[in-house]
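Participant: My structure is in run_27.cif, and what it holds is mmCIF, C-alpha atoms:
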```
data_start
#
loop_
_atom_site.group_PDB
_atom_site.id
_atom_site.type_symbol
_atom_site.label_atom_id
_atom_site.label_comp_id
_atom_site.auth_asym_id
_atom_site.auth_seq_id
_atom_site.Cartn_x
_atom_site.Cartn_y
_atom_site.Cartn_z
ATOM 1 C CA MET A 20 -28.827 41.093 -0.021
ATOM 2 C CA GLY A 21 -26.851 41.030 -3.301
ATOM 3 C CA GLY A 22 -25.518 44.562 -2.736
ATOM 4 C CA THR A 23 -24.205 43.539 0.661
ATOM 5 C CA ASN A 24 -22.201 40.658 -0.839
ATOM 6 C CA VAL A 25 -20.737 42.934 -3.505
ATOM 7 C CA ARG A 26 -19.653 45.401 -0.815
ATOM 8 C CA ARG A 27 -18.004 42.641 1.195
ATOM 9 C CA VAL A 28 -16.100 41.377 -1.843
ATOM 10 C CA ALA A 29 -15.153 44.969 -2.646
ATOM 11 C CA HIS A 30 -13.681 45.324 0.860
ATOM 12 C CA THR A 31 -11.590 42.215 0.340
ATOM 13 C CA VAL A 32 -10.323 43.373 -3.054
ATOM 14 C CA GLU A 33 -9.683 46.921 -1.837
ATOM 15 C CA PHE A 34 -7.655 45.761 1.133
ATOM 16 C CA PHE A 35 -5.854 43.147 -0.963
ATOM 17 C CA PHE A 36 -4.316 46.088 -2.818
ATOM 18 C CA VAL A 37 -3.590 47.967 0.424
ATOM 19 C CA GLY A 38 -1.813 44.859 1.711
ATOM 20 C CA LEU A 39 -0.033 44.368 -1.593
ATOM 21 C CA PHE A 40 1.310 47.919 -1.527
ATOM 22 C CA ALA A 41 2.373 47.734 2.124
ATOM 23 C CA SER A 42 4.022 44.339 1.684
ATOM 24 C CA VAL A 43 5.953 45.337 -1.431
ATOM 25 C CA VAL A 44 7.193 48.488 0.305
ATOM 26 C CA VAL A 45 8.412 46.539 3.338
ATOM 27 C CA VAL A 46 10.074 43.820 1.252
ATOM 28 C CA CYS A 47 11.682 46.146 -1.302
ATOM 29 C CA PHE A 48 12.898 48.855 1.026
ATOM 30 C CA SER A 49 14.249 46.754 3.872
ATOM 31 C CA ARG A 50 18.031 46.984 3.760
ATOM 32 C CA ARG A 51 18.772 44.201 6.199
ATOM 33 C CA PRO A 52 17.546 40.636 6.191
ATOM 34 C CA TRP A 53 14.415 40.569 8.321
ATOM 35 C CA SER A 54 12.673 37.568 9.704
ATOM 36 C CA VAL A 55 9.232 36.809 8.331
ATOM 37 C CA CYS A 56 7.618 37.912 11.610
ATOM 38 C CA SER A 57 9.373 41.268 11.647
ATOM 39 C CA ARG A 58 8.184 41.894 8.081
ATOM 40 C CA CYS A 59 4.611 40.903 8.888
ATOM 41 C CA VAL A 60 4.161 43.109 11.949
ATOM 42 C CA PRO A 61 4.478 46.530 10.254
ATOM 43 C CA VAL A 62 2.335 45.395 7.317
ATOM 44 C CA LEU A 63 -0.383 44.013 9.578
ATOM 45 C CA LEU A 64 -0.360 47.122 11.767
ATOM 46 C CA PHE A 65 -0.559 49.503 8.810
ATOM 47 C CA CYS A 66 -3.365 47.551 7.156
ATOM 48 C CA ALA A 67 -5.318 47.120 10.394
ATOM 49 C CA VAL A 68 -5.134 50.861 11.089
ATOM 50 C CA CYS A 69 -6.363 51.576 7.557
ATOM 51 C CA SER A 70 -9.178 49.065 7.982
ATOM 52 C CA VAL A 71 -10.348 50.467 11.318
ATOM 53 C CA GLY A 72 -10.024 54.006 9.965
ATOM 54 C CA ASP A 73 -12.245 53.060 7.036
ATOM 55 C CA GLN A 74 -14.885 51.785 9.439
ATOM 56 C CA VAL A 75 -14.633 54.799 11.762
ATOM 57 C CA HIS A 76 -15.147 57.231 8.889
ATOM 58 C CA LYS A 77 -18.430 55.439 8.076
ATOM 59 C CA ILE A 78 -19.831 56.647 11.411
ATOM 60 C CA PHE A 79 -19.836 60.180 9.987
ATOM 61 C CA VAL A 80 -21.512 59.219 6.673
ATOM 62 C CA PRO A 81 -25.323 59.292 6.761
ATOM 63 C CA GLY A 82 -26.805 55.819 6.254
ATOM 64 C CA ARG A 83 -23.521 54.017 7.010
ATOM 65 C CA HIS A 84 -22.300 52.402 10.220
ATOM 66 C CA PHE A 85 -19.234 50.747 11.738
ATOM 67 C CA ASP A 86 -19.363 47.088 10.637
ATOM 68 C CA VAL A 87 -17.130 44.646 12.495
ATOM 69 C CA ILE A 88 -17.748 41.958 9.868
ATOM 70 C CA ASP A 89 -16.151 44.204 7.244
ATOM 71 C CA LEU A 90 -12.960 44.155 9.309
ATOM 72 C CA GLY A 91 -12.767 40.401 8.698
ATOM 73 C CA PHE A 92 -13.236 40.827 4.962
ATOM 74 C CA ASP A 93 -10.575 43.544 4.976
ATOM 75 C CA ALA A 94 -8.193 41.232 6.852
ATOM 76 C CA ALA A 95 -8.816 38.427 4.352
ATOM 77 C CA GLY A 96 -7.636 40.753 1.596
ATOM 78 C CA TYR A 97 -4.531 42.188 3.184
ATOM 79 C CA VAL A 98 -3.358 38.963 4.826
ATOM 80 C CA THR A 99 -3.654 37.137 1.481
ATOM 81 C CA ALA A 100 -1.642 39.846 -0.271
ATOM 82 C CA MET A 101 0.992 39.895 2.462
ATOM 83 C CA LEU A 102 1.443 36.127 2.332
ATOM 84 C CA LEU A 103 1.745 36.149 -1.471
ATOM 85 C CA VAL A 104 4.368 38.909 -1.435
ATOM 86 C CA LEU A 105 6.379 37.276 1.341
ATOM 87 C CA LEU A 106 6.245 33.931 -0.445
ATOM 88 C CA ALA A 107 7.447 35.593 -3.654
ATOM 89 C CA ALA A 108 10.263 37.329 -1.738
ATOM 90 C CA VAL A 109 11.413 34.035 -0.229
ATOM 91 C CA LEU A 110 11.334 32.325 -3.631
ATOM 92 C CA VAL A 111 13.293 35.154 -5.282
ATOM 93 C CA ARG A 112 15.826 35.167 -2.469
ATOM 94 C CA HIS A 113 16.248 31.401 -2.775
ATOM 95 C CA ALA A 114 16.511 31.506 -6.575
ATOM 96 C CA THR A 115 19.085 34.311 -6.597
ATOM 97 C CA ARG A 116 21.267 32.873 -3.848
ATOM 98 C CA PRO A 117 24.742 31.931 -5.064
ATOM 99 C CA ILE A 118 25.393 28.241 -5.629
ATOM 100 C CA GLY A 119 26.628 26.643 -2.444
ATOM 101 C CA ALA A 120 25.330 29.466 -0.236
ATOM 102 C CA HIS A 121 23.044 27.057 1.584
ATOM 103 C CA ALA A 122 26.077 25.138 2.862
ATOM 104 C CA ARG A 123 27.616 28.260 4.468
ATOM 105 C CA ARG A 124 24.844 28.866 6.984
#
```
Kindly return the structure encoded in the file as structure tokens.

Facilitator:
Amino acid sequence: MGGTNVRRVAHTVEFFFVGLFASVVVVCFSRRPWSVCSRCVPVLLFCAVCSVGDQVHKIFVPGRHFDVIDLGFDAAGYVTAMLLVLLAAVLVRHATRPIGAHARR
């Protein structure tokens, strides 16, 4: 039972870093101002494909199987990372905005 919990936590940590990488790439390399939703969609799609691919490859490993519950632990990791990066991007954008820029909207 203990090994199962460690594997689940490992999935969350592993996919936290996948989500972190994907989120930083989307935020740093987007040239135009994107809405939060349009930044989330490519990150979520990329991470979900990686997560499902990880589970599918287990089918071909003796003693392993596709585990739907692991998909939830994966999602917990990459969604957390994505939200942290997007929050940081919003805070940096707000902090580096010229004085009075909020009045020009």

Participant: For atom CA of Ala95 of chain A and atom CA of His30 of chain A, quote the distance in Å rounded to one decimal.

Facilitator: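 Taking atom CA of Ala95 of chain A as the start and atom CA of His30 of chain A as the end point, the length is 9.1 Å.
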
Participant: Can you tell me which residues surround segment 60-75 of chain A at a distance of at most 7 Å, considering only C-alpha atoms, apart from same-chain residues fewer than 2 positions away, and format the answer as a list of chain:residue names?

Facilitator: A:Val37, A:Gly38, A:Ala41, A:Ser42, A:Cys56, A:Ser57, A:Arg58, A:Lys77, A:Ile78, A:Phe85, A:Asp86, A:Leu90, A:Asp93, A:Tyr97

Participant: Please save C-alpha atoms of the selected residues as a JSON list (two decimals), in the coordinates of the input.

Facilitator:
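The result, stored in again.json:
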```json
[["chain", "number", "residue", "atom", "x", "y", "z"],
["A", 37, "VAL", "CA", -3.59, 47.97, 0.42],
["A", 38, "GLY", "CA", -1.81, 44.86, 1.71],
["A", 41, "ALA", "CA", 2.37, 47.73, 2.12],
["A", 42, "SER", "CA", 4.02, 44.34, 1.68],
["A", 56, "CYS", "CA", 7.62, 37.91, 11.61],
["A", 57, "SER", "CA", 9.37, 41.27, 11.65],
["A", 58, "ARG", "CA", 8.18, 41.89, 8.08],
["A", 77, "LYS", "CA", -18.43, 55.44, 8.08],
["A", 78, "ILE", "CA", -19.83, 56.65, 11.41],
["A", 85, "PHE", "CA", -19.23, 50.75, 11.74],
["A", 86, "ASP", "CA", -19.36, 47.09, 10.64],
["A", 90, "LEU", "CA", -12.96, 44.16, 9.31],
["A", 93, "ASP", "CA", -10.58, 43.54, 4.98],
["A", 97, "TYR", "CA", -4.53, 42.19, 3.18]]
```

Participant: Would you mind reading off the distance between atom CA of Leu106 of chain A and atom CA of Arg27 of chain A, one decimal, in Å?

Facilitator: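 Rounded to one decimal, the two atoms are 25.8 Å apart.
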
Participant: Between atom CA of Leu39 of chain A and atom CA of Phe79 of chain A, what is the distance, to one decimal in Å?

Facilitator: 27.9 Å

Participant: Please write the residues picked by the PyMOL selection byres ((chain A and resi 104) around 10) on this file as a list in words.

Facilitator: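 What the PyMOL selection byres ((chain A and resi 104) around 10) grabs from the file is Gly38, Leu39, Phe40, Ala41, Ser42, Val43, Val45, Val46, Val98, Thr99, Ala100, Met101, Leu102, Leu103, Leu105, Leu106, Ala107, Ala108, Val109 and Leu110 of chain A.
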
Participant: Extending 8 Å beyond the listed atoms of segment 95-110 of chain A on each side, what axis-aligned box results? I want centre and edge lengths in Å to one decimal, as JSON.

Facilitator:
```
{"center_x": 1.3, "center_y": 37.3, "center_z": 0.6, "size_x": 36.2, "size_y": 25.9, "size_z": 24.5}
```

Participant: Dump chain A with C-alpha atoms to a file, as a tab-separated table (two decimals), in the first residue's frame.

Facilitator:
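Listed below is the output, result_10.tsv:
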```
chain	number	residue	atom	x	y	z
A	20	MET	CA	0.00	0.00	0.00
A	21	GLY	CA	2.84	2.43	0.83
A	22	GLY	CA	4.47	1.91	-2.58
A	23	THR	CA	1.22	2.81	-4.29
A	24	ASN	CA	1.02	6.14	-2.44
A	25	VAL	CA	4.62	6.97	-3.33
A	26	ARG	CA	3.89	6.27	-7.00
A	27	ARG	CA	0.83	8.51	-6.92
A	28	VAL	CA	2.80	11.36	-5.34
A	29	ALA	CA	5.55	10.76	-7.89
A	30	HIS	CA	2.99	11.17	-10.70
A	31	THR	CA	1.87	14.48	-9.25
A	32	VAL	CA	5.43	15.77	-8.87
A	33	GLU	CA	6.47	14.51	-12.31
A	34	PHE	CA	3.55	16.18	-14.04
A	35	PHE	CA	3.98	19.34	-11.96
A	36	PHE	CA	7.29	19.76	-13.78
A	37	VAL	CA	5.73	18.90	-17.16
A	38	GLY	CA	3.09	21.56	-16.51
A	39	LEU	CA	5.70	24.01	-15.28
A	40	PHE	CA	7.75	23.60	-18.44
A	41	ALA	CA	4.74	23.85	-20.75
A	42	SER	CA	3.34	26.89	-18.93
A	43	VAL	CA	6.64	28.77	-18.91
A	44	VAL	CA	7.09	28.10	-22.63
A	45	VAL	CA	3.61	29.41	-23.45
A	46	VAL	CA	3.95	32.49	-21.24
A	47	CYS	CA	7.50	33.39	-22.30
A	48	PHE	CA	7.21	32.77	-26.01
A	49	SER	CA	3.81	34.29	-26.69
A	50	ARG	CA	4.37	37.52	-28.60
A	51	ARG	CA	0.86	38.89	-28.30
A	52	PRO	CA	-1.23	39.40	-25.21
A	53	TRP	CA	-3.31	36.26	-24.78
A	54	SER	CA	-6.28	35.78	-22.57
A	55	VAL	CA	-5.88	33.40	-19.67
A	56	CYS	CA	-8.11	30.82	-21.40
A	57	SER	CA	-6.10	30.86	-24.61
A	58	ARG	CA	-2.92	30.28	-22.59
A	59	CYS	CA	-4.46	27.44	-20.61
A	60	VAL	CA	-5.79	25.44	-23.56
A	61	PRO	CA	-2.45	24.55	-25.21
A	62	VAL	CA	-0.86	23.79	-21.84
A	63	LEU	CA	-3.73	21.56	-20.76
A	64	LEU	CA	-3.80	19.75	-24.11
A	65	PHE	CA	-0.04	19.14	-24.12
A	66	CYS	CA	-0.02	17.89	-20.53
A	67	ALA	CA	-3.11	15.71	-21.00
A	68	VAL	CA	-1.57	14.07	-24.08
A	69	CYS	CA	1.63	13.41	-22.12
A	70	SER	CA	-0.38	11.98	-19.24
A	71	VAL	CA	-2.44	9.65	-21.42
A	72	GLY	CA	0.68	8.64	-23.34
A	73	ASP	CA	2.37	7.73	-20.07
A	74	GLN	CA	-0.56	5.49	-19.18
A	75	VAL	CA	-0.77	3.90	-22.64
A	76	HIS	CA	2.92	2.97	-22.58
A	77	LYS	CA	2.29	1.06	-19.32
A	78	ILE	CA	0.09	-1.38	-21.25
A	79	PHE	CA	3.24	-2.66	-22.97
A	80	VAL	CA	5.29	-3.01	-19.74
A	81	PRO	CA	4.91	-6.39	-18.02
A	82	GLY	CA	3.26	-6.04	-14.60
A	83	ARG	CA	1.92	-2.53	-15.31
A	84	HIS	CA	-1.52	-1.41	-16.46
A	85	PHE	CA	-3.43	1.68	-17.58
A	86	ASP	CA	-4.58	3.41	-14.37
A	87	VAL	CA	-7.28	6.06	-14.71
A	88	ILE	CA	-6.67	7.25	-11.14
A	89	ASP	CA	-3.11	8.19	-12.10
A	90	LEU	CA	-4.56	10.57	-14.68
A	91	GLY	CA	-6.14	12.53	-11.82
A	92	PHE	CA	-2.86	12.70	-9.92
A	93	ASP	CA	-1.12	13.82	-13.11
A	94	ALA	CA	-3.74	16.53	-13.63
A	95	ALA	CA	-3.31	17.75	-10.04
A	96	GLY	CA	0.37	18.31	-10.78
A	97	TYR	CA	0.14	20.06	-14.11
A	98	VAL	CA	-2.91	22.18	-13.29
A	99	THR	CA	-1.21	23.41	-10.10
A	100	ALA	CA	1.93	24.33	-12.03
A	101	MET	CA	-0.05	26.05	-14.78
A	102	LEU	CA	-2.02	28.13	-12.28
A	103	LEU	CA	1.16	29.17	-10.44
A	104	VAL	CA	2.90	30.23	-13.65
A	105	LEU	CA	-0.12	32.14	-14.93
A	106	LEU	CA	-0.53	33.87	-11.58
A	107	ALA	CA	3.15	34.84	-11.63
A	108	ALA	CA	2.80	36.14	-15.21
A	109	VAL	CA	-0.19	38.29	-14.25
A	110	LEU	CA	1.65	39.68	-11.21
A	111	VAL	CA	4.77	40.48	-13.26
A	112	ARG	CA	2.68	42.10	-15.98
A	113	HIS	CA	0.87	44.20	-13.38
A	114	ALA	CA	4.08	45.17	-11.57
A	115	THR	CA	5.90	46.18	-14.76
A	116	ARG	CA	3.02	48.15	-16.25
A	117	PRO	CA	3.81	51.85	-16.61
A	118	ILE	CA	2.26	54.17	-14.04
A	119	GLY	CA	-1.14	55.30	-15.20
A	120	ALA	CA	-1.50	52.46	-17.72
A	121	HIS	CA	-4.55	51.16	-15.89
A	122	ALA	CA	-6.41	54.39	-16.68
A	123	ARG	CA	-5.85	54.02	-20.45
A	124	ARG	CA	-7.83	50.81	-20.88
```
